[in-house]
file upload29.pdb (PDB, C-alpha atoms and all ligand atoms)
ATOM      1  CA  MET A 268     -27.844 -14.279 -22.474
ATOM      2  CA  SER A 269     -24.545 -12.829 -23.761
ATOM      3  CA  SER A 270     -21.188 -13.667 -22.228
ATOM      4  CA  LEU A 271     -18.203 -11.341 -21.906
ATOM      5  CA  LYS A 272     -16.560 -13.282 -24.725
ATOM      6  CA  GLU A 273     -19.565 -12.738 -26.959
ATOM      7  CA  LEU A 274     -19.504  -9.039 -26.106
ATOM      8  CA  ALA A 275     -15.871  -8.889 -27.269
ATOM      9  CA  GLU A 276     -16.916 -10.573 -30.529
ATOM     10  CA  LEU A 277     -19.677  -8.011 -31.030
ATOM     11  CA  VAL A 278     -17.190  -5.136 -30.609
ATOM     12  CA  ILE A 279     -15.127  -6.730 -33.369
ATOM     13  CA  THR A 280     -18.162  -6.848 -35.693
ATOM     14  CA  GLY A 281     -18.784  -3.153 -34.948
ATOM     15  CA  ASP A 282     -22.540  -3.621 -34.496
ATOM     16  CA  ILE A 283     -23.395  -0.734 -32.166
ATOM     17  CA  GLN A 284     -26.941  -1.864 -31.366
ATOM     18  CA  LYS A 285     -25.895  -5.415 -30.586
ATOM     19  CA  VAL A 286     -23.053  -4.201 -28.353
ATOM     20  CA  LYS A 287     -25.539  -1.973 -26.505
ATOM     21  CA  ASP A 288     -28.012  -4.834 -26.101
ATOM     22  CA  ALA A 289     -25.385  -7.300 -24.896
ATOM     23  CA  THR A 290     -23.879  -4.749 -22.481
ATOM     24  CA  LYS A 291     -27.322  -3.980 -21.067
ATOM     25  CA  GLN A 292     -28.072  -7.680 -20.673
ATOM     26  CA  LEU A 293     -24.848  -8.312 -18.803
ATOM     27  CA  LEU A 294     -25.315  -5.305 -16.528
ATOM     28  CA  GLU A 295     -28.941  -6.175 -15.834
ATOM     29  CA  ALA A 296     -27.851  -9.707 -14.932
ATOM     30  CA  GLY A 297     -25.618  -8.145 -12.269
ATOM     31  CA  GLU A 298     -22.252  -8.305 -14.023
ATOM     32  CA  ASP A 299     -19.665  -5.882 -12.568
ATOM     33  CA  PRO A 300     -19.449  -2.870 -14.949
ATOM     34  CA  LEU A 301     -15.651  -2.806 -14.639
ATOM     35  CA  ARG A 302     -15.502  -6.464 -15.678
ATOM     36  CA  VAL A 303     -17.765  -5.666 -18.620
ATOM     37  CA  ILE A 304     -15.237  -3.038 -19.717
ATOM     38  CA  ASN A 305     -12.015  -4.873 -18.879
ATOM     39  CA  GLU A 306     -12.978  -8.409 -19.877
ATOM     40  CA  GLY A 307     -15.551  -7.749 -22.607
ATOM     41  CA  LEU A 308     -15.169  -4.411 -24.384
ATOM     42  CA  ILE A 309     -11.373  -3.943 -24.131
ATOM     43  CA  PRO A 310     -10.402  -7.447 -25.379
ATOM     44  CA  GLY A 311     -12.750  -6.801 -28.333
ATOM     45  CA  ILE A 312     -11.108  -3.522 -29.357
ATOM     46  CA  ASN A 313      -7.648  -5.007 -28.746
ATOM     47  CA  GLU A 314      -8.425  -7.796 -31.197
ATOM     48  CA  VAL A 315      -9.532  -5.122 -33.702
ATOM     49  CA  GLY A 316      -6.047  -3.632 -33.362
ATOM     50  CA  VAL A 317      -4.437  -6.991 -34.073
ATOM     51  CA  ARG A 318      -6.614  -7.568 -37.147
ATOM     52  CA  PHE A 319      -5.976  -4.025 -38.384
ATOM     53  CA  LYS A 320      -2.253  -4.555 -38.090
ATOM     54  CA  GLU A 321      -2.509  -7.807 -40.006
ATOM     55  CA  GLY A 322      -4.505  -6.132 -42.782
ATOM     56  CA  GLU A 323      -7.678  -8.060 -41.991
ATOM     57  CA  MET A 324      -9.601  -4.942 -40.940
ATOM     58  CA  PHE A 325      -9.510  -1.371 -42.248
ATOM     59  CA  VAL A 326     -10.038   2.120 -40.811
ATOM     60  CA  PRO A 327     -13.838   2.342 -41.433
ATOM     61  CA  GLU A 328     -14.350  -0.990 -39.661
ATOM     62  CA  MET A 329     -12.014   0.060 -36.851
ATOM     63  CA  MET A 330     -14.155   3.207 -36.476
ATOM     64  CA  MET A 331     -17.360   1.202 -36.219
ATOM     65  CA  SER A 332     -15.780  -0.997 -33.566
ATOM     66  CA  ALA A 333     -14.584   2.083 -31.682
ATOM     67  CA  GLN A 334     -18.109   3.546 -31.752
ATOM     68  CA  ALA A 335     -19.598   0.275 -30.593
ATOM     69  CA  MET A 336     -17.037   0.120 -27.793
ATOM     70  CA  LYS A 337     -17.840   3.693 -26.732
ATOM     71  CA  ALA A 338     -21.562   2.916 -26.653
ATOM     72  CA  GLY A 339     -20.871  -0.048 -24.362
ATOM     73  CA  VAL A 340     -18.584   2.015 -22.121
ATOM     74  CA  GLU A 341     -21.270   4.704 -21.792
ATOM     75  CA  LEU A 342     -23.752   2.133 -20.485
ATOM     76  CA  ALA A 343     -21.237   0.637 -18.064
ATOM     77  CA  LYS A 344     -20.268   4.121 -16.899
ATOM     78  CA  GLU A 345     -23.867   4.827 -15.822
ATOM     79  CA  LYS A 346     -23.627   1.858 -13.483
ATOM     80  CA  ILE A 347     -20.256   2.831 -12.029
ATOM     81  CA  GLY A 348     -21.569   6.226 -10.976
ATOM     82  CA  GLY A 349     -19.716   8.891  -9.061
ATOM     83  CA  THR A 350     -18.481   9.200  -5.555
ATOM     84  CA  ASP A 351     -19.581  11.295  -2.634
ATOM     85  CA  ILE A 352     -16.094  11.965  -1.331
ATOM     86  CA  PRO A 353     -14.787  15.514  -1.715
ATOM     87  CA  THR A 354     -12.599  16.184  -4.714
ATOM     88  CA  ALA A 355      -9.359  14.276  -4.506
ATOM     89  CA  GLY A 356      -7.623  16.757  -6.788
ATOM     90  CA  LYS A 357      -7.872  18.306 -10.225
ATOM     91  CA  VAL A 358      -6.504  16.682 -13.361
ATOM     92  CA  VAL A 359      -6.088  18.305 -16.765
ATOM     93  CA  MET A 360      -6.203  15.520 -19.302
ATOM     94  CA  GLY A 361      -5.951  15.234 -23.076
ATOM     95  CA  SER A 362      -4.894  13.135 -26.026
ATOM     96  CA  VAL A 363      -1.886  14.964 -27.407
ATOM     97  CA  LYS A 364      -1.657  16.843 -30.691
ATOM     98  CA  GLY A 365      -1.997  14.604 -33.723
ATOM     99  CA  ASP A 366      -3.729  11.870 -31.762
ATOM    100  CA  LEU A 367      -7.422  11.220 -32.257
ATOM    101  CA  HIS A 368      -7.631   8.136 -30.038
ATOM    102  CA  ASP A 369      -9.711   8.839 -26.969
ATOM    103  CA  ILE A 370     -11.245   5.583 -25.729
ATOM    104  CA  GLY A 371      -8.407   4.939 -23.280
ATOM    105  CA  LYS A 372      -8.237   8.570 -22.178
ATOM    106  CA  ASN A 373     -11.973   8.571 -21.530
ATOM    107  CA  LEU A 374     -11.701   5.390 -19.477
ATOM    108  CA  VAL A 375      -8.966   6.968 -17.371
ATOM    109  CA  ILE A 376     -11.163  10.051 -16.912
ATOM    110  CA  MET A 377     -14.127   7.910 -15.954
ATOM    111  CA  MET A 378     -12.111   6.051 -13.312
ATOM    112  CA  LEU A 379     -10.586   9.252 -11.943
ATOM    113  CA  GLU A 380     -14.008  10.901 -11.718
ATOM    114  CA  SER A 381     -15.447   7.930  -9.896
ATOM    115  CA  SER A 382     -12.542   8.189  -7.435
ATOM    116  CA  GLY A 383     -13.309  11.810  -6.601
ATOM    117  CA  PHE A 384     -11.002  13.703  -8.963
ATOM    118  CA  SER A 385     -12.331  16.631 -10.945
ATOM    119  CA  ILE A 386     -11.291  16.663 -14.581
ATOM    120  CA  VAL A 387     -10.629  19.271 -17.210
ATOM    121  CA  ASP A 388     -10.861  17.301 -20.436
ATOM    122  CA  LEU A 389      -8.891  18.849 -23.305
ATOM    123  CA  GLY A 390     -10.259  16.272 -25.740
ATOM    124  CA  VAL A 391      -8.220  14.880 -28.613
ATOM    125  CA  ASP A 392      -5.522  16.456 -30.797
ATOM    126  CA  ALA A 393      -4.718  18.856 -27.947
ATOM    127  CA  PRO A 394      -1.854  21.218 -28.845
ATOM    128  CA  VAL A 395       1.007  21.943 -26.455
ATOM    129  CA  GLU A 396      -0.289  25.469 -25.793
ATOM    130  CA  LYS A 397      -3.683  24.098 -24.792
ATOM    131  CA  PHE A 398      -2.085  22.099 -21.958
ATOM    132  CA  VAL A 399      -0.070  25.126 -20.842
ATOM    133  CA  GLN A 400      -3.103  27.404 -20.967
ATOM    134  CA  ALA A 401      -5.214  24.880 -19.034
ATOM    135  CA  VAL A 402      -2.588  24.650 -16.274
ATOM    136  CA  LYS A 403      -2.512  28.446 -15.962
ATOM    137  CA  GLU A 404      -6.280  28.702 -15.937
ATOM    138  CA  HIS A 405      -7.388  25.686 -13.884
ATOM    139  CA  LYS A 406      -4.357  25.204 -11.597
ATOM    140  CA  PRO A 407      -4.579  21.396 -11.513
ATOM    141  CA  GLN A 408      -2.391  19.140  -9.372
ATOM    142  CA  VAL A 409      -1.925  16.696 -12.243
ATOM    143  CA  VAL A 410      -1.503  16.916 -16.021
ATOM    144  CA  GLY A 411      -2.392  13.675 -17.794
ATOM    145  CA  MET A 412      -1.470  12.948 -21.389
ATOM    146  CA  SER A 413      -2.528  10.056 -23.569
ATOM    147  CA  ALA A 414      -0.878   8.954 -26.848
ATOM    148  CA  LEU A 415      -1.681   5.875 -28.927
ATOM    149  CA  LEU A 416       0.640   6.550 -31.841
ATOM    150  CA  THR A 417       4.406   6.278 -31.724
ATOM    151  CA  THR A 418       4.456   9.435 -33.859
ATOM    152  CA  THR A 419       2.563  11.484 -31.257
ATOM    153  CA  MET A 420       4.480  10.316 -28.179
ATOM    154  CA  PRO A 421       7.145  13.057 -28.559
ATOM    155  CA  VAL A 422       4.454  15.713 -28.071
ATOM    156  CA  MET A 423       4.356  14.632 -24.429
ATOM    157  CA  GLN A 424       7.935  15.763 -24.038
ATOM    158  CA  GLU A 425       7.108  19.033 -25.804
ATOM    159  CA  VAL A 426       4.359  19.676 -23.256
ATOM    160  CA  ILE A 427       6.740  18.989 -20.364
ATOM    161  CA  ARG A 428       9.335  21.347 -21.858
ATOM    162  CA  ALA A 429       6.717  24.051 -22.413
ATOM    163  CA  LEU A 430       5.514  23.738 -18.797
ATOM    164  CA  ASP A 431       9.107  24.042 -17.695
ATOM    165  CA  LYS A 432       9.679  27.116 -19.833
ATOM    166  CA  GLU A 433       6.592  28.796 -18.366
ATOM    167  CA  GLY A 434       7.742  28.049 -14.805
ATOM    168  CA  LEU A 435       4.816  25.704 -14.265
ATOM    169  CA  ARG A 436       6.536  22.317 -14.225
ATOM    170  CA  SER A 437       7.174  22.242 -10.472
ATOM    171  CA  LYS A 438       3.533  23.096  -9.776
ATOM    172  CA  VAL A 439       2.069  19.943 -11.361
ATOM    173  CA  LYS A 440       2.673  16.220 -11.537
ATOM    174  CA  VAL A 441       2.780  14.860 -15.078
ATOM    175  CA  VAL A 442       1.309  11.438 -15.748
ATOM    176  CA  ILE A 443       1.384   9.725 -19.126
ATOM    177  CA  GLY A 444      -0.104   6.634 -20.715
ATOM    178  CA  GLY A 445      -1.385   4.959 -23.860
ATOM    179  CA  ALA A 446      -0.572   1.668 -25.579
ATOM    180  CA  PRO A 447       2.943   2.498 -26.901
ATOM    181  CA  VAL A 448       4.031   4.405 -23.776
ATOM    182  CA  THR A 449       6.303   2.774 -21.185
ATOM    183  CA  GLN A 450       7.776   3.496 -17.773
ATOM    184  CA  GLU A 451      11.183   3.942 -19.435
ATOM    185  CA  TYR A 452       9.733   6.531 -21.784
ATOM    186  CA  ALA A 453       8.173   8.392 -18.856
ATOM    187  CA  GLU A 454      11.564   8.534 -17.149
ATOM    188  CA  GLU A 455      13.299   9.553 -20.373
ATOM    189  CA  ILE A 456      11.065  12.585 -20.938
ATOM    190  CA  GLY A 457      10.899  13.596 -17.284
ATOM    191  CA  ALA A 458       7.275  12.703 -16.514
ATOM    192  CA  ASP A 459       6.412  11.919 -12.898
ATOM    193  CA  GLY A 460       4.706   8.675 -13.709
ATOM    194  CA  TYR A 461       3.316   6.204 -16.193
ATOM    195  CA  ALA A 462       0.261   3.985 -15.856
ATOM    196  CA  PRO A 463      -0.487   0.995 -18.090
ATOM    197  CA  ASP A 464      -4.229   1.096 -17.432
ATOM    198  CA  ALA A 465      -7.007   3.229 -16.005
ATOM    199  CA  GLY A 466      -7.056   1.613 -12.569
ATOM    200  CA  THR A 467      -3.315   2.106 -12.125
ATOM    201  CA  ALA A 468      -3.655   5.708 -13.331
ATOM    202  CA  VAL A 469      -5.981   6.427 -10.408
ATOM    203  CA  GLU A 470      -3.607   4.781  -7.936
ATOM    204  CA  LEU A 471      -0.700   6.715  -9.396
ATOM    205  CA  CYS A 472      -2.480  10.072  -9.158
ATOM    206  CA  LYS A 473      -3.427   9.381  -5.538
ATOM    207  CA  GLN A 474       0.131   8.326  -4.756
ATOM    208  CA  LEU A 475       1.660  11.397  -6.401
ATOM    209  CA  LEU A 476      -0.627  13.741  -4.500
ATOM    210  CA  ASN A 477       0.094  12.226  -1.131
TER     211      ASN A 477
HETATM  212 CO1  LIG B 501      -5.864   3.527 -34.374
HETATM  213  N1  LIG B 501      -4.071   2.793 -34.242
HETATM  214  N2  LIG B 501      -5.296   4.630 -35.885
HETATM  215  N3  LIG B 501      -7.720   4.086 -34.492
HETATM  216  N4  LIG B 501      -6.259   2.192 -33.156
HETATM  217  C1  LIG B 501      -3.792   1.920 -33.111
HETATM  218  C2  LIG B 501      -3.296   2.718 -31.914
HETATM  219  C3  LIG B 501      -2.692   0.914 -33.701
HETATM  220  C4  LIG B 501      -1.757   0.331 -32.629
HETATM  221  C5  LIG B 501      -3.396  -0.196 -34.523
HETATM  222  C6  LIG B 501      -2.397  -1.211 -35.081
HETATM  223  O1  LIG B 501      -1.740  -0.926 -36.034
HETATM  224  N5  LIG B 501      -2.306  -2.377 -34.464
HETATM  225  C7  LIG B 501      -1.968   1.865 -34.692
HETATM  226  C8  LIG B 501      -0.777   2.662 -34.131
HETATM  227  C9  LIG B 501       0.553   2.142 -34.611
HETATM  228  C10 LIG B 501       1.667   2.907 -33.994
HETATM  229  O2  LIG B 501       1.703   4.081 -33.873
HETATM  230  N6  LIG B 501       2.655   2.158 -33.576
HETATM  231  C11 LIG B 501      -3.106   2.778 -35.133
HETATM  232  C12 LIG B 501      -3.103   3.530 -36.336
HETATM  233  C13 LIG B 501      -1.947   3.285 -37.289
HETATM  234  C14 LIG B 501      -4.132   4.457 -36.644
HETATM  235  C15 LIG B 501      -4.230   5.372 -37.877
HETATM  236  C16 LIG B 501      -2.920   6.042 -38.310
HETATM  237  C17 LIG B 501      -4.865   4.533 -39.006
HETATM  238  C18 LIG B 501      -4.969   5.246 -40.346
HETATM  239  O3  LIG B 501      -5.653   6.222 -40.468
HETATM  240  N7  LIG B 501      -4.258   4.721 -41.307
HETATM  241  C19 LIG B 501      -5.271   6.422 -37.408
HETATM  242  C20 LIG B 501      -4.610   7.598 -36.686
HETATM  243  C21 LIG B 501      -5.596   8.645 -36.267
HETATM  244  C22 LIG B 501      -4.940   9.677 -35.364
HETATM  245  O4  LIG B 501      -4.926   9.510 -34.160
HETATM  246  N8  LIG B 501      -4.372  10.721 -35.951
HETATM  247  C23 LIG B 501      -6.076   5.611 -36.432
HETATM  248  C24 LIG B 501      -7.434   5.810 -36.196
HETATM  249  C25 LIG B 501      -8.196   5.063 -35.317
HETATM  250  C26 LIG B 501      -9.705   5.213 -35.176
HETATM  251  C27 LIG B 501     -10.181   6.673 -35.270
HETATM  252  C28 LIG B 501     -10.380   4.422 -36.279
HETATM  253  C29 LIG B 501      -9.962   4.499 -33.799
HETATM  254  C30 LIG B 501      -9.929   5.456 -32.589
HETATM  255  C31 LIG B 501     -11.319   5.879 -32.163
HETATM  256  C32 LIG B 501     -11.280   6.629 -30.863
HETATM  257  O5  LIG B 501     -10.420   6.489 -30.013
HETATM  258  N9  LIG B 501     -12.259   7.485 -30.722
HETATM  259  C33 LIG B 501      -8.712   3.609 -33.676
HETATM  260  C34 LIG B 501      -8.629   2.504 -32.782
HETATM  261  C35 LIG B 501      -9.902   2.069 -32.103
HETATM  262  C36 LIG B 501      -7.402   1.809 -32.559
HETATM  263  C37 LIG B 501      -7.140   0.544 -31.705
HETATM  264  C38 LIG B 501      -7.690  -0.636 -32.503
HETATM  265  C39 LIG B 501      -7.723   0.516 -30.318
HETATM  266  C40 LIG B 501      -7.342   1.697 -29.425
HETATM  267  C41 LIG B 501      -8.172   1.628 -28.166
HETATM  268  O6  LIG B 501      -9.149   2.332 -28.023
HETATM  269  N10 LIG B 501      -7.820   0.661 -27.271
HETATM  270  C42 LIG B 501      -5.559   0.551 -31.607
HETATM  271  C43 LIG B 501      -4.921  -0.811 -31.407
HETATM  272  C44 LIG B 501      -4.535  -1.040 -29.943
HETATM  273  O7  LIG B 501      -4.178  -0.145 -29.228
HETATM  274  N11 LIG B 501      -4.571  -2.277 -29.539
HETATM  275  C45 LIG B 501      -5.175   1.431 -32.717
HETATM  276  C46 LIG B 501      -8.604   0.370 -26.060
HETATM  277  C47 LIG B 501      -8.196   1.340 -24.959
HETATM  278  C48 LIG B 501      -9.015   1.043 -23.704
HETATM  279  O8  LIG B 501      -6.848   1.126 -24.682
HETATM  280  O9  LIG B 501      -6.171   3.429 -25.505
HETATM  281  O10 LIG B 501      -4.420   1.723 -24.813
HETATM  282  P1  LIG B 501      -5.749   2.312 -24.649
HETATM  283  O11 LIG B 501      -5.908   2.877 -23.144
HETATM  284  C49 LIG B 501      -5.620   2.117 -22.007
HETATM  285  C50 LIG B 501      -4.158   2.252 -21.549
HETATM  286  O12 LIG B 501      -3.256   2.485 -22.583
HETATM  287  C51 LIG B 501      -4.199   3.318 -20.512
HETATM  288  O13 LIG B 501      -5.467   3.147 -19.913
HETATM  289  C52 LIG B 501      -6.437   2.764 -20.890
HETATM  290  C53 LIG B 501      -7.459   1.884 -20.233
HETATM  291  O14 LIG B 501      -6.893   0.769 -19.610
HETATM  292  N12 LIG B 501      -4.076   4.725 -20.876
HETATM  293  C54 LIG B 501      -3.588   5.614 -19.989
HETATM  294  C55 LIG B 501      -4.431   5.388 -21.989
HETATM  295  N13 LIG B 501      -4.190   6.695 -21.849
HETATM  296  C56 LIG B 501      -3.676   6.858 -20.620
HETATM  297  C57 LIG B 501      -3.254   8.015 -19.944
HETATM  298  C58 LIG B 501      -2.753   7.869 -18.650
HETATM  299  C59 LIG B 501      -2.654   6.628 -18.056
HETATM  300  C60 LIG B 501      -3.079   5.481 -18.705
HETATM  301  O15 LIG B 501      -2.338   8.901 -17.911
HETATM  302  C61 LIG B 501      -2.668  10.187 -18.306
END
call {"tool": "encode", "arguments": {"input": "upload29.pdb", "output": "structure tokens"}}
result
Amino acid sequence: MSSLKELAELVITGDIQKVKDATKQLLEAGEDPLRVINEGLIPGINEVGVRFKEGEMFVPEMMMSAQAMKAGVELAKEKIGGTDIPTAGKVVMGSVKGDLHDIGKNLVIMMLESSGFSIVDLGVDAPVEKFVQAVKEHKPQVVGMSALLTTTMPVMQEVIRALDKEGLRSKVKVVIGGAPVTQEYAEEIGADGYAPDAGTAVELCKQLLN
């Protein structure tokens, strides 16, 4: 029987099948799917980041770990399921231009969906115009942006400026997040809120819409 700690280790090794097997085992044994994500899969990928920074792991290995992590999240997601409550609001969400990281964004989406929000997912590397177009077309209450690179963070401000220019800024709440993003940065660029994790992102969206 795998433990959450062992699951984290398996994410680090990047063995997709083993991560799937261990995740399944834990879920079948009745482990809370959110715990599997937050205390098994996420610590694993975080350690990958540390080792990458220290030059102990390289991009291909980081990719394998990311795929293994995603496979585990998919299985946990099936257990979390949806909600029967009517839609809590619509959120347009994307990883900003230049940013290919989407694990965190997808977790935020998953949590929002399971809390009754409907999502328009712009995917990764989403250009400024794509956000603007999506707001015009889908009329969401919230625009969510994710950035994992310090070099892509400024795109969030570009999106806010473009929404402003198009007269759309007052019609939506803008929420941002991602590992390098902070509350101070959110205030600096004029976002309505920042969330450090997926659970807080849901709370924040609910709060902003009330
Ligand atoms: Co990249 N990468 N990566 N990477 N990668 C980081 C981000 C890095 C910190 C690693 C390091 O050096 N320690 C570093 C960035 C350094 C910096 O900018 N300061 C880095 C780098 C340098 C790079 C490349 C440039 C490497 C290269 O090619 N030389 C390259 C860039 C590609 C690009 O985007 N253009 C690159 C590539 C990749 C992979 C493709 C291999 C892979 C991504 C796969 C994928 O996402 N599909 C990858 C990975 C896996 C990572 C690390 C290891 C893990 C990221 C992750 O998924 N974390 C990462 C190190 C790290 O962050 N510790 C690293 C788990 C995830 C659940 O957390 O995304 O933070 P996170 O999301 C959280 C919260 O932040 C929050 O909720 C989530 C759940 O709790 N949140 C939000 C996120 N978005 C939110 C939005 C919200 C609210 C909350 O509102 C809308």
call {"tool": "residues_around", "arguments": {"input": "upload29.pdb", "residues": "Lys438 of chain A", "least_positions_apart": "5", "cutoff": "10 Å", "atoms": "all atoms listed in the file", "output": "list in words"}}
result
Val402, Lys406, Pro407, Gln408, Val409, Leu430 and Asp431 of chain A
call {"tool": "residues_around", "arguments": {"input": "upload29.pdb", "residues": "Gln424 of chain A", "least_positions_apart": "3", "cutoff": "8 Å", "atoms": "all atoms listed in the file", "output": "VMD selection string"}}
result
chain A and resid 420 to 421 427 to 428 456 to 457
call {"tool": "residues_around", "arguments": {"input": "upload29.pdb", "residues": "Lys285 of chain A", "least_positions_apart": "6", "cutoff": "12 Å", "atoms": "only C-alpha atoms", "output": "count of residues only"}}
result
16
call {"tool": "atom_distance", "arguments": {"input": "upload29.pdb", "atom1": "atom CA of Ala446 of chain A", "atom2": "atom CA of Lys403 of chain A"}}
result
28.5 Å
call {"tool": "residues_near_ligand", "arguments": {"input": "upload29.pdb", "ligand": "ligand LIG 501 (chain B)", "cutoff": "7 Å", "atoms": "only C-alpha atoms and all ligand atoms", "output": "NGL selection string"}}
result
:A and (309 or 312-317 or 319-320 or 326-327 or 329-330 or 332-333 or 360 or 365-372 or 374-375 or 411-418 or 442-447 or 461-465 or 468)
call {"tool": "atom_distance", "arguments": {"input": "upload29.pdb", "atom1": "atom CA of Val399 of chain A", "atom2": "atom CA of Val441 of chain A"}}
result
12.1 Å
call {"tool": "atom_distance", "arguments": {"input": "upload29.pdb", "atom1": "atom CA of Lys287 of chain A", "atom2": "atom CA of Asp388 of chain A"}}
result
25.0 Å
call {"tool": "closest_residue", "arguments": {"input": "upload29.pdb", "among": "A:Ala343, A:Val410, A:Met423, A:Val448", "to": "Ser385 of chain A", "atoms": "only C-alpha atoms"}}
result
A:Val410
call {"tool": "build_atoms", "arguments": {"input": "upload29.pdb", "residues": "segment 460-471 of chain A", "atoms": "N, CA, C and O atoms", "output": "short mmCIF file (atom, residue, chain, number, x, y, z; two decimals), in the coordinates of the input"}}
result
data_model
loop_
_atom_site.label_atom_id
_atom_site.label_comp_id
_atom_site.auth_asym_id
_atom_site.auth_seq_id
_atom_site.Cartn_x
_atom_site.Cartn_y
_atom_site.Cartn_z
N GLY A 460 5.19 10.05 -13.79
CA GLY A 460 4.71 8.68 -13.71
C GLY A 460 4.05 8.19 -14.99
O GLY A 460 3.67 8.99 -15.86
N TYR A 461 3.95 6.87 -15.06
CA TYR A 461 3.32 6.20 -16.19
C TYR A 461 2.34 5.19 -15.62
O TYR A 461 2.64 4.54 -14.61
N ALA A 462 1.20 5.04 -16.28
CA ALA A 462 0.26 3.98 -15.86
C ALA A 462 -0.15 3.17 -17.08
O ALA A 462 -0.50 3.74 -18.11
N PRO A 463 -0.11 1.85 -16.96
CA PRO A 463 -0.49 1.00 -18.09
C PRO A 463 -1.99 0.86 -18.31
O PRO A 463 -2.42 0.46 -19.38
N ASP A 464 -2.78 1.19 -17.28
CA ASP A 464 -4.23 1.10 -17.43
C ASP A 464 -4.93 2.11 -16.53
O ASP A 464 -4.29 2.78 -15.71
N ALA A 465 -6.25 2.17 -16.69
CA ALA A 465 -7.01 3.23 -16.00
C ALA A 465 -6.97 3.07 -14.47
O ALA A 465 -6.83 4.06 -13.76
N GLY A 466 -7.07 1.84 -14.01
CA GLY A 466 -7.06 1.61 -12.57
C GLY A 466 -5.74 2.07 -11.97
O GLY A 466 -5.70 2.75 -10.93
N THR A 467 -4.64 1.71 -12.62
CA THR A 467 -3.32 2.11 -12.12
C THR A 467 -3.15 3.63 -12.20
O THR A 467 -2.48 4.22 -11.35
N ALA A 468 -3.76 4.25 -13.20
CA ALA A 468 -3.66 5.71 -13.33
C ALA A 468 -4.24 6.38 -12.09
O ALA A 468 -3.68 7.36 -11.58
N VAL A 469 -5.35 5.85 -11.61
CA VAL A 469 -5.98 6.43 -10.41
C VAL A 469 -5.05 6.26 -9.21
O VAL A 469 -4.79 7.22 -8.47
N GLU A 470 -4.52 5.04 -9.06
CA GLU A 470 -3.61 4.78 -7.94
C GLU A 470 -2.41 5.72 -7.99
O GLU A 470 -1.97 6.27 -6.99
N LEU A 471 -1.87 5.87 -9.20
CA LEU A 471 -0.70 6.72 -9.40
C LEU A 471 -1.00 8.17 -9.02
O LEU A 471 -0.21 8.81 -8.31
#
